[in-house]
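Read through the structure below, which is laid out as structure tokens, and then see the notes.
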Amino acid sequence: MKKKIALIVLAVTAVLFTACAAENTPSAVSQQESSSAVSSENKTAALTEESAKETVKLNMPIADKFYAIYNRCSLPVDNSASVTDDNGFCYSPVESVYDTLASLKADTEKYFTKEYLDSTFYKNLADETAFYKDINGKLYKNTDAVSDGKNIWDTTACVISDITDTGFTATVPYLDLYEAHRSAKIEYLLDNGTYKINSWTLNLDAV
């Protein structure tokens, strides 16, 4: 009787050992690792896209503010004080947190790469019709260059593409000052730990 019980115990132990060994075979382990890797990759891709959309959501209102500052001269001024420069343009002192051109640029460069700014916004500061310049150590605006209007961005409908380790592209629909539905292709580049706009192309064809 004791021998039978011992044999039964040995048989059960052998079955359990075989099952455990099967679970840990290279094939089984490989399947587990593969499943885990797929899950991890999907999770990473989803998080990256969501992170990119969140960046666009937070960034676009600020980016559009600077677009208006540099292209539409939107900073408020003290109209009671004005000077005429040597080129005949009228300038008034800016009334904002930016008291000098350097302070305006410093804030702008938190959101745009220097390369992008040099090829776009900063061109409006360079010639005799400069939209902004320092006069007697204070920031002044060219009041002869003012234009109205603003774009309304629908960041909830933006489409993220070309995600890499160093940046991504966002296509963002917007309503322009003429109430036409358009879109913009915006490329973000990782610059010193911050995603900044490195390219901004407006699609002027109505959607």
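Each chain in the structure tokens gets a letter, A, B and so on, in the order shown; residues start at 1 in every chain, and ligands are counted from 1 in the order they appear.
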
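Close contacts of Asp86 in chain A, defined as residues with an atom at most 12 Å away when counting only C-alpha atoms, with chain neighbours fewer than 4 positions off set aside, comprise Cys90, Tyr91, Glu128 and Thr129 of chain A.
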
Store the residues picked out above, limited to N, CA and C atoms, as an mmCIF file, in the first residue's frame.
```cif
data_model
loop_
_atom_site.group_PDB
_atom_site.id
_atom_site.type_symbol
_atom_site.label_atom_id
_atom_site.label_comp_id
_atom_site.auth_asym_id
_atom_site.auth_seq_id
_atom_site.Cartn_x
_atom_site.Cartn_y
_atom_site.Cartn_z
ATOM 1 N N CYS A 90 5.844 106.389 -37.926
ATOM 2 C CA CYS A 90 5.431 106.805 -36.588
ATOM 3 C C CYS A 90 5.533 105.626 -35.615
ATOM 4 N N TYR A 91 6.158 105.856 -34.475
ATOM 5 C CA TYR A 91 6.322 104.827 -33.446
ATOM 6 C C TYR A 91 5.779 105.330 -32.111
ATOM 7 N N GLU A 128 14.161 99.241 -42.575
ATOM 8 C CA GLU A 128 13.766 100.599 -42.168
ATOM 9 C C GLU A 128 12.303 100.698 -41.760
ATOM 10 N N THR A 129 11.499 99.688 -42.111
ATOM 11 C CA THR A 129 10.088 99.691 -41.705
ATOM 12 C C THR A 129 9.862 98.782 -40.497
#
```

Can you list, as a compact mmCIF listing (two decimals) with N, CA and C atoms, in the first residue's frame, every protein, DNA or RNA residue that comes within 12 Å of Asn198 in chain A when you count only C-alpha atoms, leaving out same-chain residues fewer than 3 positions away?
```txt
# COMPACT_ATOMS: atom_id res chain seq x y z
N ALA A 63 1.59 80.50 -29.47
CA ALA A 63 2.23 80.68 -30.78
C ALA A 63 1.46 81.68 -31.62
N GLU A 109 11.53 83.08 -27.99
CA GLU A 109 12.42 81.95 -28.24
C GLU A 109 12.19 80.78 -27.29
N LYS A 110 11.24 80.92 -26.39
CA LYS A 110 10.82 79.78 -25.57
C LYS A 110 9.93 78.83 -26.37
N TYR A 111 9.34 79.33 -27.46
CA TYR A 111 8.33 78.57 -28.19
C TYR A 111 8.69 78.31 -29.65
N PHE A 112 9.70 79.01 -30.17
CA PHE A 112 10.12 78.84 -31.56
C PHE A 112 11.63 78.66 -31.61
N THR A 113 12.10 77.88 -32.59
CA THR A 113 13.54 77.74 -32.75
C THR A 113 14.11 79.04 -33.32
N LYS A 114 15.37 79.28 -33.04
CA LYS A 114 16.03 80.49 -33.53
C LYS A 114 16.08 80.49 -35.06
N GLU A 115 16.29 79.32 -35.65
CA GLU A 115 16.35 79.21 -37.11
C GLU A 115 15.03 79.64 -37.74
N TYR A 116 13.92 79.20 -37.14
CA TYR A 116 12.61 79.59 -37.68
C TYR A 116 12.40 81.10 -37.54
N LEU A 117 12.73 81.65 -36.40
CA LEU A 117 12.51 83.07 -36.14
C LEU A 117 13.34 83.95 -37.07
N ASP A 118 14.58 83.56 -37.31
CA ASP A 118 15.45 84.36 -38.18
C ASP A 118 14.92 84.41 -39.61
N SER A 119 14.19 83.37 -40.01
CA SER A 119 13.69 83.30 -41.39
C SER A 119 12.26 83.83 -41.52
N THR A 120 11.63 84.19 -40.39
CA THR A 120 10.23 84.66 -40.45
C THR A 120 10.02 85.92 -39.61
N THR A 166 13.04 63.21 -31.95
CA THR A 166 13.41 64.63 -31.89
C THR A 166 12.29 65.59 -32.28
N GLY A 167 11.11 65.07 -32.57
CA GLY A 167 10.03 65.98 -32.93
C GLY A 167 8.83 65.29 -33.54
N PHE A 168 7.90 66.09 -34.05
CA PHE A 168 6.69 65.57 -34.67
C PHE A 168 6.07 66.66 -35.53
N THR A 169 5.09 66.26 -36.33
CA THR A 169 4.36 67.21 -37.18
C THR A 169 2.90 67.22 -36.76
N ALA A 170 2.31 68.40 -36.72
CA ALA A 170 0.89 68.54 -36.39
C ALA A 170 0.19 69.30 -37.52
N LYS A 185 0.29 73.27 -41.31
CA LYS A 185 1.21 72.17 -41.01
C LYS A 185 2.34 72.74 -40.16
N ILE A 186 2.47 72.22 -38.95
CA ILE A 186 3.43 72.76 -37.99
C ILE A 186 4.39 71.66 -37.56
N GLU A 187 5.67 71.92 -37.72
CA GLU A 187 6.69 70.95 -37.31
C GLU A 187 7.32 71.40 -36.00
N TYR A 188 7.31 70.49 -35.04
CA TYR A 188 7.91 70.75 -33.73
C TYR A 188 9.24 70.03 -33.63
N LEU A 189 10.22 70.71 -33.06
CA LEU A 189 11.56 70.14 -32.89
C LEU A 189 11.95 70.22 -31.41
N LEU A 190 12.52 69.13 -30.91
CA LEU A 190 12.98 69.11 -29.52
C LEU A 190 14.25 69.95 -29.42
N ASP A 191 14.18 71.04 -28.68
CA ASP A 191 15.29 71.98 -28.56
C ASP A 191 15.57 72.26 -27.09
N THR A 194 12.73 71.11 -24.84
CA THR A 194 11.40 71.69 -25.06
C THR A 194 11.02 71.56 -26.53
N TYR A 195 9.77 71.17 -26.80
CA TYR A 195 9.30 71.12 -28.18
C TYR A 195 8.96 72.53 -28.65
N THR A 201 3.57 76.23 -41.77
CA THR A 201 3.10 76.49 -43.13
C THR A 201 1.58 76.57 -43.14
```

**Request:** Do a neighbour search on Ala68 in chain A at 9 Å with only C-alpha atoms, toss out local chain neighbours closer than 4 positions, and write the hits as a PyMOL selection string.
**Result:** chain A and resi 63-64+72-75+147-150

**Message:** Measuring between only C-alpha atoms, which one of A:Leu177, A:Ile163, A:Ala184, A:Val83 shows the shortest distance to Asn136 in chain A?
**Reply:** A:Val83

**Prompt:** Which residue gives the smallest distance to Asn79 in chain A among A:Lys141, A:His181, A:Lys53, A:Lys105, with only C-alpha atoms counted?
**Reply:**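 When distances to Asn79 in chain A are compared using only C-alpha atoms, the smallest one comes from A:Lys141.
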
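Going from CA of Glu95 in chain A to CA of Val56 in chain A covers 28.4 Å.
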
**Asked** Where in range 64-98 of chain A does DSSP assign alpha helix (DSSP H), given as a count of residues only?
**Response** 9

**Item:** Top pick for closest residue to Trp153 in chain A, considering A:Asn192, A:Ser199, A:Asn124, A:Ser183 and counting only C-alpha atoms
**Value:**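 Of A:Asn192, A:Ser199, A:Asn124, A:Ser183, the one nearest Trp153 in chain A, counting only C-alpha atoms, is A:Ser183.
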